[in-house]
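Undergrad: Sharing data.pdb (PDB, C-alpha atoms) below.
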```
ATOM      1  CA  ASN A   1      28.907  15.572  11.518
ATOM      2  CA  PRO A   2      30.964  13.064  13.516
ATOM      3  CA  THR A   3      30.656   9.426  12.503
ATOM      4  CA  GLY A   4      31.197   6.383  14.695
ATOM      5  CA  LEU A   5      34.593   5.765  13.077
ATOM      6  CA  TRP A   6      35.616   9.375  13.701
ATOM      7  CA  ILE A   7      34.628   9.185  17.377
ATOM      8  CA  TYR A   8      36.493   5.873  17.741
ATOM      9  CA  SER A   9      39.664   7.320  16.206
ATOM     10  CA  VAL A  10      39.580  10.513  18.277
ATOM     11  CA  ASN A  11      39.081   8.683  21.559
ATOM     12  CA  LEU A  12      41.784   6.175  20.678
ATOM     13  CA  ALA A  13      44.200   9.034  19.996
ATOM     14  CA  PHE A  14      43.487  10.580  23.401
ATOM     15  CA  THR A  15      43.953   7.209  25.119
ATOM     16  CA  LEU A  16      47.256   6.471  23.383
ATOM     17  CA  ASP A  17      48.401   9.991  24.186
ATOM     18  CA  GLN A  18      48.246   9.114  27.894
ATOM     19  CA  ILE A  19      50.680   6.199  27.550
ATOM     20  CA  ARG A  20      52.979   7.299  24.701
ATOM     21  CA  ASP A  21      55.340  10.250  24.674
ATOM     22  CA  ASP A  22      56.273   9.839  20.994
ATOM     23  CA  LEU A  23      52.796   9.794  19.440
ATOM     24  CA  VAL A  24      52.289  11.455  16.044
ATOM     25  CA  VAL A  25      48.741  11.896  14.737
ATOM     26  CA  TYR A  26      47.996  12.513  11.058
ATOM     27  CA  THR A  27      44.589  14.140  10.631
ATOM     28  CA  SER A  28      42.660  16.433   8.313
ATOM     29  CA  TYR A  29      40.871  17.953  11.309
ATOM     30  CA  PRO A  30      43.403  18.781  14.057
ATOM     31  CA  GLU A  31      40.912  21.176  15.676
ATOM     32  CA  ALA A  32      39.079  18.120  17.034
ATOM     33  CA  LEU A  33      42.207  16.986  18.882
ATOM     34  CA  GLY A  34      42.912  20.023  20.997
ATOM     35  CA  GLY A  35      44.616  19.170  24.259
ATOM     36  CA  LEU A  36      46.751  16.315  22.941
ATOM     37  CA  ARG A  37      50.404  16.237  23.907
ATOM     38  CA  ALA A  38      51.108  14.423  20.635
ATOM     39  CA  ARG A  39      52.433  16.164  17.552
ATOM     40  CA  LEU A  40      49.611  16.776  15.077
ATOM     41  CA  VAL A  41      50.347  16.677  11.348
ATOM     42  CA  ARG A  42      47.646  18.254   9.215
ATOM     43  CA  ALA A  43      46.459  16.444   6.102
ATOM     44  CA  SER A  44      44.523  18.051   3.292
ATOM     45  CA  ALA A  45      40.780  18.459   3.845
ATOM     46  CA  ALA A  46      40.324  16.830   0.436
ATOM     47  CA  VAL A  47      40.912  13.394   2.002
ATOM     48  CA  ARG A  48      37.868  13.531   4.302
ATOM     49  CA  PRO A  49      35.230  10.812   3.837
ATOM     50  CA  GLY A  50      32.561  13.494   3.766
ATOM     51  CA  ARG A  51      33.856  14.473   0.319
ATOM     52  CA  GLY A  52      32.213  11.364  -1.082
ATOM     53  CA  PHE A  53      33.703   9.111  -3.727
ATOM     54  CA  LEU A  54      36.271  11.724  -4.803
ATOM     55  CA  GLY A  55      37.415  12.107  -1.199
ATOM     56  CA  HIS A  56      38.064   8.362  -0.934
ATOM     57  CA  VAL A  57      40.094   8.361  -4.151
ATOM     58  CA  VAL A  58      42.171  11.347  -3.016
ATOM     59  CA  ARG A  59      42.752   9.736   0.395
ATOM     60  CA  LEU A  60      44.001   6.495  -1.171
ATOM     61  CA  ALA A  61      46.446   8.487  -3.293
ATOM     62  CA  TRP A  62      47.523  10.507  -0.227
ATOM     63  CA  LEU A  63      48.201   7.318   1.739
ATOM     64  CA  GLN A  64      50.517   5.913  -0.908
ATOM     65  CA  THR A  65      52.395   9.151  -1.574
ATOM     66  CA  VAL A  66      52.295  11.912   1.050
ATOM     67  CA  LEU A  67      51.837   9.699   4.119
ATOM     68  CA  ARG A  68      54.488   7.276   2.883
ATOM     69  CA  LEU A  69      57.047  10.100   2.744
ATOM     70  CA  ARG A  70      55.929  11.749   5.991
ATOM     71  CA  ALA A  71      55.984   8.496   7.966
ATOM     72  CA  ARG A  72      59.509   7.785   6.768
ATOM     73  CA  ALA A  73      60.682  11.347   7.502
ATOM     74  CA  ASP A  74      59.135  11.221  10.990
ATOM     75  CA  GLY A  75      60.978   7.992  11.758
ATOM     76  CA  LEU A  76      57.899   6.075  12.856
ATOM     77  CA  SER A  77      58.458   2.709  14.534
ATOM     78  CA  LEU A  78      54.814   1.700  14.013
ATOM     79  CA  LEU A  79      51.898   3.013  11.953
ATOM     80  CA  LEU A  80      48.421   2.341  13.399
ATOM     81  CA  ASN A  81      45.562   2.532  10.898
ATOM     82  CA  THR A  82      42.251   3.058  12.729
ATOM     83  CA  VAL A  83      40.342   1.888   9.636
ATOM     84  CA  PRO A  84      41.355  -0.721   7.009
ATOM     85  CA  GLU A  85      43.582   1.651   5.061
ATOM     86  CA  GLY A  86      47.346   1.882   4.986
ATOM     87  CA  ILE A  87      50.570   2.082   3.015
ATOM     88  CA  LEU A  88      51.318  -0.724   0.563
ATOM     89  CA  GLY A  89      54.873  -2.003   0.441
ATOM     90  CA  SER A  90      56.048   0.041   3.415
ATOM     91  CA  GLY A  91      59.000  -1.020   5.538
ATOM     92  CA  ILE A  92      57.310   0.474   8.618
ATOM     93  CA  PRO A  93      55.394  -2.118  10.682
ATOM     94  CA  GLN A  94      51.668  -1.462  10.564
ATOM     95  CA  GLY A  95      48.700  -2.397  12.720
ATOM     96  CA  THR A  96      45.252  -2.132  11.160
ATOM     97  CA  VAL A  97      41.853  -1.951  12.862
ATOM     98  CA  VAL A  98      38.889  -3.612  11.139
ATOM     99  CA  HIS A  99      35.433  -2.718  12.440
ATOM    100  CA  ASP A 100      33.505  -4.958  10.053
ATOM    101  CA  VAL A 101      33.541  -6.389   6.528
ATOM    102  CA  LEU A 102      29.870  -5.726   5.786
ATOM    103  CA  PRO A 103      30.439  -4.766   2.118
ATOM    104  CA  LEU A 104      31.419  -8.387   1.491
ATOM    105  CA  SER A 105      28.364  -9.808   3.256
ATOM    106  CA  PHE A 106      25.921  -7.231   1.849
ATOM    107  CA  PRO A 107      27.334  -6.146  -1.535
ATOM    108  CA  GLY A 108      23.970  -4.785  -2.617
ATOM    109  CA  GLU A 109      24.116  -2.237   0.202
ATOM    110  CA  TYR A 110      27.661  -1.187  -0.783
ATOM    111  CA  PRO A 111      27.830  -1.224  -4.612
ATOM    112  CA  ARG A 112      31.163   0.642  -4.730
ATOM    113  CA  GLN A 113      32.719  -0.153  -1.375
ATOM    114  CA  GLN A 114      32.514  -3.892  -1.954
ATOM    115  CA  TYR A 115      35.270  -3.654  -4.584
ATOM    116  CA  TYR A 116      37.491  -1.718  -2.210
ATOM    117  CA  PHE A 117      37.054  -4.494   0.378
ATOM    118  CA  ARG A 118      37.694  -7.184  -2.232
ATOM    119  CA  LEU A 119      40.739  -5.667  -3.930
ATOM    120  CA  PHE A 120      42.502  -3.258  -1.557
ATOM    121  CA  VAL A 121      41.706  -4.285   2.018
ATOM    122  CA  PRO A 122      43.184  -7.822   1.767
ATOM    123  CA  ARG A 123      46.506  -6.371   0.579
ATOM    124  CA  ILE A 124      46.610  -3.981   3.540
ATOM    125  CA  LEU A 125      45.768  -6.737   6.020
ATOM    126  CA  ARG A 126      48.428  -9.066   4.629
ATOM    127  CA  ALA A 127      50.959  -6.223   4.874
ATOM    128  CA  SER A 128      50.032  -5.488   8.500
ATOM    129  CA  ARG A 129      52.019  -6.937  11.391
ATOM    130  CA  ILE A 130      48.792  -7.305  13.401
ATOM    131  CA  VAL A 131      45.081  -6.898  12.659
ATOM    132  CA  VAL A 132      42.733  -5.668  15.387
ATOM    133  CA  ALA A 133      39.073  -6.719  15.194
ATOM    134  CA  ASP A 134      36.269  -4.954  17.052
ATOM    135  CA  SER A 135      34.584  -8.213  17.982
ATOM    136  CA  GLU A 136      34.839 -11.979  17.783
ATOM    137  CA  SER A 137      32.256 -11.900  14.988
ATOM    138  CA  THR A 138      34.446  -9.533  12.961
ATOM    139  CA  ARG A 139      37.481 -11.747  13.600
ATOM    140  CA  ARG A 140      35.646 -14.773  12.221
ATOM    141  CA  SER A 141      34.537 -12.782   9.166
ATOM    142  CA  ILE A 142      38.111 -11.664   8.479
ATOM    143  CA  VAL A 143      39.342 -15.251   8.634
ATOM    144  CA  GLN A 144      36.497 -16.426   6.423
ATOM    145  CA  HIS A 145      36.812 -13.781   3.699
ATOM    146  CA  TYR A 146      40.554 -13.098   3.701
ATOM    147  CA  ARG A 147      42.007 -16.426   4.888
ATOM    148  CA  LEU A 148      44.327 -14.699   7.353
ATOM    149  CA  PRO A 149      45.989 -16.813  10.053
ATOM    150  CA  PRO A 150      43.771 -16.579  13.165
ATOM    151  CA  GLY A 151      46.837 -15.848  15.289
ATOM    152  CA  LYS A 152      47.443 -12.619  13.378
ATOM    153  CA  ILE A 153      44.095 -11.165  14.459
ATOM    154  CA  ARG A 154      43.489  -9.837  17.965
ATOM    155  CA  VAL A 155      40.047  -8.953  19.299
ATOM    156  CA  ILE A 156      39.974  -5.660  21.226
ATOM    157  CA  HIS A 157      36.468  -4.443  21.981
ATOM    158  CA  PRO A 158      35.771  -0.702  21.730
ATOM    159  CA  GLY A 159      35.613   1.105  25.045
ATOM    160  CA  TYR A 160      33.120   3.688  26.215
ATOM    161  CA  ASP A 161      32.959   6.751  28.433
ATOM    162  CA  PRO A 162      31.236   5.735  31.709
ATOM    163  CA  ASN A 163      30.471   9.385  32.423
ATOM    164  CA  VAL A 164      28.204   9.461  29.373
ATOM    165  CA  PHE A 165      26.970   5.894  28.984
ATOM    166  CA  PHE A 166      25.863   3.958  32.038
ATOM    167  CA  SER A 167      23.195   1.585  33.214
ATOM    168  CA  ASN A 168      20.158   3.542  34.343
ATOM    169  CA  GLY A 169      20.523   1.716  37.642
ATOM    170  CA  PHE A 170      23.597   3.889  38.273
ATOM    171  CA  ASP A 171      22.031   7.129  37.090
ATOM    172  CA  PRO A 172      21.613   9.380  40.167
ATOM    173  CA  PHE A 173      18.704  11.119  38.417
ATOM    174  CA  SER A 174      16.724   7.987  37.593
ATOM    175  CA  ALA A 175      13.993   6.580  39.779
ATOM    176  CA  SER A 176      14.722   3.236  41.382
ATOM    177  CA  HIS A 177      11.553   1.734  39.918
ATOM    178  CA  GLU A 178      12.421   2.531  36.289
ATOM    179  CA  GLU A 179      12.441  -0.517  34.055
ATOM    180  CA  PRO A 180      15.834  -1.309  32.471
ATOM    181  CA  TYR A 181      16.047  -0.662  28.766
ATOM    182  CA  LEU A 182      18.322  -1.215  25.785
ATOM    183  CA  LEU A 183      18.853   1.615  23.306
ATOM    184  CA  TYR A 184      19.654   1.031  19.637
ATOM    185  CA  VAL A 185      20.621   4.077  17.570
ATOM    186  CA  GLY A 186      21.296   3.434  13.903
ATOM    187  CA  ASN A 187      19.851   2.569  10.538
ATOM    188  CA  VAL A 188      17.118  -0.040  10.310
ATOM    189  CA  LEU A 189      18.776  -2.049   7.539
ATOM    190  CA  PRO A 190      19.456  -5.781   7.068
ATOM    191  CA  HIS A 191      23.184  -5.606   7.821
ATOM    192  CA  LYS A 192      22.492  -4.118  11.270
ATOM    193  CA  ASN A 193      21.125  -7.534  12.325
ATOM    194  CA  LEU A 194      18.200  -6.149  14.295
ATOM    195  CA  LEU A 195      16.312  -9.420  13.929
ATOM    196  CA  ARG A 196      18.991 -11.154  16.003
ATOM    197  CA  LEU A 197      18.737  -8.361  18.584
ATOM    198  CA  LEU A 198      14.991  -8.928  18.828
ATOM    199  CA  ASP A 199      15.523 -12.668  19.292
ATOM    200  CA  ALA A 200      17.956 -11.927  22.128
ATOM    201  CA  LEU A 201      15.479  -9.503  23.703
ATOM    202  CA  ALA A 202      12.770 -12.171  23.689
ATOM    203  CA  ILE A 203      15.093 -14.519  25.602
ATOM    204  CA  LEU A 204      16.076 -11.778  28.053
ATOM    205  CA  ARG A 205      12.465 -10.840  28.803
ATOM    206  CA  ARG A 206      11.778 -14.385  29.969
ATOM    207  CA  ARG A 207      14.191 -13.686  32.815
ATOM    208  CA  ARG A 208      13.552 -10.043  33.657
ATOM    209  CA  PRO A 209      11.500  -7.029  32.490
ATOM    210  CA  CYS A 210      13.296  -5.040  29.823
ATOM    211  CA  ARG A 211      12.475  -2.654  26.988
ATOM    212  CA  LEU A 212      14.164  -2.043  23.656
ATOM    213  CA  LEU A 213      14.128   1.463  22.179
ATOM    214  CA  ILE A 214      14.972   1.675  18.492
ATOM    215  CA  ARG A 215      15.898   5.081  17.100
ATOM    216  CA  GLY A 216      16.600   5.015  13.402
ATOM    217  CA  GLU A 217      15.261   4.896   9.886
ATOM    218  CA  GLY A 218      15.467   2.442   7.032
ATOM    219  CA  ARG A 219      13.844   1.091   3.929
ATOM    220  CA  HIS A 220      10.137   0.499   4.320
ATOM    221  CA  ALA A 221      10.402  -3.193   3.407
ATOM    222  CA  HIS A 222      12.929  -3.967   6.142
ATOM    223  CA  VAL A 223      11.163  -1.810   8.731
ATOM    224  CA  GLN A 224       8.081  -3.911   8.042
ATOM    225  CA  VAL A 225      10.108  -7.106   8.511
ATOM    226  CA  VAL A 226      11.299  -5.828  11.904
ATOM    227  CA  ARG A 227       7.747  -4.951  12.942
ATOM    228  CA  GLU A 228       6.555  -8.437  11.965
ATOM    229  CA  ARG A 229       9.335 -10.040  14.002
ATOM    230  CA  VAL A 230       8.312  -7.927  17.022
ATOM    231  CA  GLU A 231       4.762  -9.208  16.711
ATOM    232  CA  THR A 232       5.856 -12.824  16.149
ATOM    233  CA  LEU A 233       7.984 -12.761  19.300
ATOM    234  CA  GLY A 234       5.184 -11.240  21.345
ATOM    235  CA  LEU A 235       7.171  -8.124  22.185
ATOM    236  CA  THR A 236       4.288  -5.709  21.620
ATOM    237  CA  GLY A 237       2.729  -3.759  24.454
ATOM    238  CA  GLU A 238       5.328  -1.005  24.715
ATOM    239  CA  GLU A 239       5.078   2.491  23.311
ATOM    240  CA  THR A 240       7.087   3.533  20.297
ATOM    241  CA  PHE A 241       8.683   6.980  20.281
ATOM    242  CA  ASP A 242       9.174   9.465  17.465
ATOM    243  CA  PHE A 243      11.351  12.537  17.868
ATOM    244  CA  VAL A 244      10.024  15.559  16.004
ATOM    245  CA  GLY A 245      12.726  17.866  14.678
ATOM    246  CA  LEU A 246      15.701  15.527  15.200
ATOM    247  CA  ASP A 247      18.219  16.253  12.448
ATOM    248  CA  ASP A 248      21.870  17.167  11.908
ATOM    249  CA  THR A 249      21.274  20.847  12.716
ATOM    250  CA  LEU A 250      20.086  20.148  16.263
ATOM    251  CA  LYS A 251      22.222  21.858  18.896
ATOM    252  CA  PRO A 252      23.019  20.536  22.387
ATOM    253  CA  ARG A 253      20.470  21.375  25.096
ATOM    254  CA  SER A 254      17.768  21.943  22.503
ATOM    255  CA  THR A 255      14.166  20.968  23.183
ATOM    256  CA  LEU A 256      12.451  18.321  21.069
ATOM    257  CA  LYS A 257       8.856  17.231  20.919
ATOM    258  CA  VAL A 258       8.494  13.510  21.608
ATOM    259  CA  ARG A 259       5.471  11.633  20.310
ATOM    260  CA  ALA A 260       4.705   8.382  22.177
ATOM    261  CA  THR A 261       2.324   5.991  20.441
ATOM    262  CA  ALA A 262       0.756   3.187  22.465
ATOM    263  CA  PRO A 263      -0.243  -0.131  20.857
ATOM    264  CA  SER A 264      -3.850   1.034  21.110
ATOM    265  CA  GLY A 265      -3.027   3.967  18.846
ATOM    266  CA  LYS A 266      -3.266   6.578  21.581
ATOM    267  CA  VAL A 267      -0.681   9.325  21.046
ATOM    268  CA  THR A 268       0.867  11.381  23.841
ATOM    269  CA  GLU A 269       3.224  14.280  23.181
ATOM    270  CA  PHE A 270       5.714  15.877  25.536
ATOM    271  CA  ASP A 271       8.887  17.965  25.377
ATOM    272  CA  ALA A 272      12.348  16.599  26.040
ATOM    273  CA  ARG A 273      15.661  18.398  26.315
ATOM    274  CA  VAL A 274      18.672  16.825  24.580
TER     275      VAL A 274
END
```
Would you give me this structure, written as structure tokens?
TA:
Amino acid sequence: NPTGLWIYSVNLAFTLDQIRDDLVVYTSYPEALGGLRARLVRASAAVRPGRGFLGHVVRLAWLQTVLRLRARADGLSLLLNTVPEGILGSGIPQGTVVHDVLPLSFPGEYPRQQYYFRLFVPRILRASRIVVADSESTRRSIVQHYRLPPGKIRVIHPGYDPNVFFSNGFDPFSASHEEPYLLYVGNVLPHKNLLRLLDALAILRRRRPCRLLIRGEGRHAHVQVVRERVETLGLTGEETFDFVGLDDTLKPRSTLKVRATAPSGKVTEFDARV
């Protein structure tokens, strides 16, 4: 199942492939990169994050041994790490992308990963020629936790595919009277900062009509906190939607049953194709 980091890395590889003729991509899943002009170097499937804790340990060992030798043999002029991992003590300049440092801010949510971010990540960032942050917030967190010079960190926001994601005002199949909406897809957990999103929505709705659709799960205690914030901000009055049968086995163009629950408790069901 593709993760956000996997999708980011794949799309970045395709983008770099358009502007570089000497690109080399090291991956444990070259089948996902069909159509690249770049040379693909297969890594062992044992290094995949989906292998759990053992997979992370094997990948760290692979970085310091196999990748170190391959990068030197391939004569790389720069090694770009799309996550905060890399080669320690390498003479090859490295650039490292940091998406967040949440294990340091929420150690209880990341009982193992917090030690990786405390002990290994700072060494990689100090060894990198440049550090790329996903956002200004991430840049500030890197400076705060790792004391890196601010000038070493560059903020480059992730891009998106406008053919897939667009404002519903530009959707040729949407009705002109449809109310704009924001869609959040992810876990309902404290580190996702949904309470701040709700505060922002309350400010936005003073200026224009807008809905927020939340699709995700989380611990009951925090879900209840989110519901209470919704009520406190006066954001009730919109239906909530549950998708019946939405799981990792769902195939494209499948039909789901959607259950819409109004604040009054009235439930309406209908089918939707995804």
Undergrad: Figure out the distance between atom CA of A:Val83 and atom CA of A:Leu104, please, to one decimal in Å.
TA: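 Those two atoms sit 15.9 Å apart.
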Undergrad: Counting only C-alpha atoms, figure out which residue out of A:Arg48, A:Arg211, A:Val57, A:Val24 gets nearest to A:Ala73.
TA: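 Using only C-alpha atoms, the shortest distance to A:Ala73 belongs to A:Val24.
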Undergrad: If I take atom CA of A:Ala127 and atom CA of A:Pro93, how far is one from the other in Å, to one decimal?
TA: 8.4 Å
Undergrad: Find, counting all atoms listed in the file, the residue in A:Ala221, A:Leu233, A:Leu125, A:Leu102 that gets nearest to A:Asn193.
TA: A:Leu102
Undergrad: The PyMOL selection byres ((chain A and resi 114-121) around 9) - which residues does that actually catch in the file I just gave you? List them as a PDB file with C-alpha atoms, in the frame of the given file.
TA:
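What follows is the written file selection.pdb:
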```pdb
ATOM      1  CA  PRO A  84      41.355  -0.721   7.009  1.00  0.00           C
ATOM      2  CA  GLU A  85      43.582   1.651   5.061  1.00  0.00           C
ATOM      3  CA  GLY A  86      47.346   1.882   4.986  1.00  0.00           C
ATOM      4  CA  VAL A 101      33.541  -6.389   6.528  1.00  0.00           C
ATOM      5  CA  LEU A 102      29.870  -5.726   5.786  1.00  0.00           C
ATOM      6  CA  PRO A 103      30.439  -4.766   2.118  1.00  0.00           C
ATOM      7  CA  LEU A 104      31.419  -8.387   1.491  1.00  0.00           C
ATOM      8  CA  SER A 105      28.364  -9.808   3.256  1.00  0.00           C
ATOM      9  CA  PHE A 106      25.921  -7.231   1.849  1.00  0.00           C
ATOM     10  CA  PRO A 107      27.334  -6.146  -1.535  1.00  0.00           C
ATOM     11  CA  GLY A 108      23.970  -4.785  -2.617  1.00  0.00           C
ATOM     12  CA  GLU A 109      24.116  -2.237   0.202  1.00  0.00           C
ATOM     13  CA  TYR A 110      27.661  -1.187  -0.783  1.00  0.00           C
ATOM     14  CA  PRO A 111      27.830  -1.224  -4.612  1.00  0.00           C
ATOM     15  CA  ARG A 112      31.163   0.642  -4.730  1.00  0.00           C
ATOM     16  CA  GLN A 113      32.719  -0.153  -1.375  1.00  0.00           C
ATOM     17  CA  PRO A 122      43.184  -7.822   1.767  1.00  0.00           C
ATOM     18  CA  ARG A 123      46.506  -6.371   0.579  1.00  0.00           C
ATOM     19  CA  ILE A 124      46.610  -3.981   3.540  1.00  0.00           C
ATOM     20  CA  LEU A 125      45.768  -6.737   6.020  1.00  0.00           C
ATOM     21  CA  ARG A 126      48.428  -9.066   4.629  1.00  0.00           C
ATOM     22  CA  HIS A 145      36.812 -13.781   3.699  1.00  0.00           C
ATOM     23  CA  TYR A 146      40.554 -13.098   3.701  1.00  0.00           C
TER      24      TYR A 146
END
```
Undergrad: Between A:Leu67, A:Val188, A:Ile92, A:Val97, single out the one closest to A:Gly218, counting only C-alpha atoms.
TA: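 Closest to A:Gly218, using only C-alpha atoms: A:Val188.
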Undergrad: Evaluate the PyMOL selection byres ((chain A and resi 10-20) around 8) here and jot the selected residues down as a list in words.
TA: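 That selection, the PyMOL selection byres ((chain A and resi 10-20) around 8), comes back as Trp6, Ile7, Tyr8, Ser9, Asp21, Asp22, Leu23, Val25, Ala32, Leu33, Leu36, Arg37 and Ala38 of chain A.
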Undergrad: Now that the selection is made, can you save its residues with C-alpha atoms as a tab-separated table (two decimals), in the coordinates of the input?
TA:
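To be explicit, this is the file written out as again30.tsv:
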```tsv
chain	number	residue	atom	x	y	z
A	6	TRP	CA	35.62	9.38	13.70
A	7	ILE	CA	34.63	9.18	17.38
A	8	TYR	CA	36.49	5.87	17.74
A	9	SER	CA	39.66	7.32	16.21
A	21	ASP	CA	55.34	10.25	24.67
A	22	ASP	CA	56.27	9.84	20.99
A	23	LEU	CA	52.80	9.79	19.44
A	25	VAL	CA	48.74	11.90	14.74
A	32	ALA	CA	39.08	18.12	17.03
A	33	LEU	CA	42.21	16.99	18.88
A	36	LEU	CA	46.75	16.32	22.94
A	37	ARG	CA	50.40	16.24	23.91
A	38	ALA	CA	51.11	14.42	20.64
```
Undergrad: List the residues selected by the PyMOL selection byres ((chain A and resi 198) around 9) in the file shown, writing them as a compact mmCIF listing (two decimals) with C-alpha atoms, in the coordinates of the input.
TA:
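The new file selection-v5.txt reads:
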```txt
# COMPACT_ATOMS: atom_id res chain seq x y z
CA LEU A 194 18.20 -6.15 14.30
CA LEU A 195 16.31 -9.42 13.93
CA ARG A 196 18.99 -11.15 16.00
CA LEU A 197 18.74 -8.36 18.58
CA ASP A 199 15.52 -12.67 19.29
CA ALA A 200 17.96 -11.93 22.13
CA LEU A 201 15.48 -9.50 23.70
CA ALA A 202 12.77 -12.17 23.69
CA ILE A 203 15.09 -14.52 25.60
CA LEU A 212 14.16 -2.04 23.66
CA VAL A 226 11.30 -5.83 11.90
CA ARG A 229 9.34 -10.04 14.00
CA VAL A 230 8.31 -7.93 17.02
CA LEU A 233 7.98 -12.76 19.30
CA LEU A 235 7.17 -8.12 22.18
```
Undergrad: Ranking A:His222, A:Pro150, A:Gly35, A:Glu228 by minimum distance to A:His191 and counting all atoms listed in the file, which one comes first?
TA: A:His222
Undergrad: Listed atoms of stretch 18-37 of chain A, axis-aligned box, 3 Å per side: centre and edge lengths to one decimal in Å, as JSON?
TA:
```
{"center_x": 47.7, "center_y": 13.7, "center_z": 18.1, "size_x": 23.2, "size_y": 21.0, "size_z": 25.6}
```
Undergrad: Calculate how many Å separate atom CA of A:Glu136 from atom CA of A:Leu79, rounding to one decimal.
TA: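 Here the two named atoms are 23.4 Å from each other.
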Undergrad: Identify, on the basis of only C-alpha atoms, every residue whose closest approach to A:Ile153 does not exceed 10 Å; exclude the query and any residue fewer than 4 positions from it along the same chain; express the result as number ranges by chain.
TA: A: 96-98, 125, 129-133, 136, 138-140, 142-143, 148-149
Undergrad: Next, write the just-selected residues to a file, as a short mmCIF file (atom, residue, chain, number, x, y, z; two decimals), in the frame of the given file, keeping C-alpha atoms as the atom set.
TA:
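File result.cif, as written:
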```
data_model
loop_
_atom_site.label_atom_id
_atom_site.label_comp_id
_atom_site.auth_asym_id
_atom_site.auth_seq_id
_atom_site.Cartn_x
_atom_site.Cartn_y
_atom_site.Cartn_z
CA THR A 96 45.25 -2.13 11.16
CA VAL A 97 41.85 -1.95 12.86
CA VAL A 98 38.89 -3.61 11.14
CA LEU A 125 45.77 -6.74 6.02
CA ARG A 129 52.02 -6.94 11.39
CA ILE A 130 48.79 -7.30 13.40
CA VAL A 131 45.08 -6.90 12.66
CA VAL A 132 42.73 -5.67 15.39
CA ALA A 133 39.07 -6.72 15.19
CA GLU A 136 34.84 -11.98 17.78
CA THR A 138 34.45 -9.53 12.96
CA ARG A 139 37.48 -11.75 13.60
CA ARG A 140 35.65 -14.77 12.22
CA ILE A 142 38.11 -11.66 8.48
CA VAL A 143 39.34 -15.25 8.63
CA LEU A 148 44.33 -14.70 7.35
CA PRO A 149 45.99 -16.81 10.05
#
```
Undergrad: Report as a PyMOL selection string all protein, DNA and RNA residues lying within 12 Å of A:Arg72, evaluated on all atoms listed in the file, omitting residues in the same chain fewer than 4 positions from it.
TA: chain A and resi 64-68+76-79+87+90-93
Undergrad: Would you mind exporting C-alpha atoms of the selected residues as a tab-separated table (two decimals), in the frame of the given file?
TA:
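What landed in again20.tsv:
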```
chain	number	residue	atom	x	y	z
A	64	GLN	CA	50.52	5.91	-0.91
A	65	THR	CA	52.40	9.15	-1.57
A	66	VAL	CA	52.30	11.91	1.05
A	67	LEU	CA	51.84	9.70	4.12
A	68	ARG	CA	54.49	7.28	2.88
A	76	LEU	CA	57.90	6.08	12.86
A	77	SER	CA	58.46	2.71	14.53
A	78	LEU	CA	54.81	1.70	14.01
A	79	LEU	CA	51.90	3.01	11.95
A	87	ILE	CA	50.57	2.08	3.02
A	90	SER	CA	56.05	0.04	3.42
A	91	GLY	CA	59.00	-1.02	5.54
A	92	ILE	CA	57.31	0.47	8.62
A	93	PRO	CA	55.39	-2.12	10.68
```
Undergrad: List as a list in words: which residues have an atom within 8 Å of (11.6, -5.6, 31.4), counting all atoms listed in the file?
TA: Glu179, Pro180, Tyr181, Arg205, Arg208, Pro209, Cys210 and Arg211 of chain A
Undergrad: So which one's closest to A:Leu182, A:Arg219, A:Arg227, A:Gly55, A:Ile214? Using only C-alpha atoms, please.
TA: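 Using only C-alpha atoms, A:Leu182 sits closest to A:Ile214.
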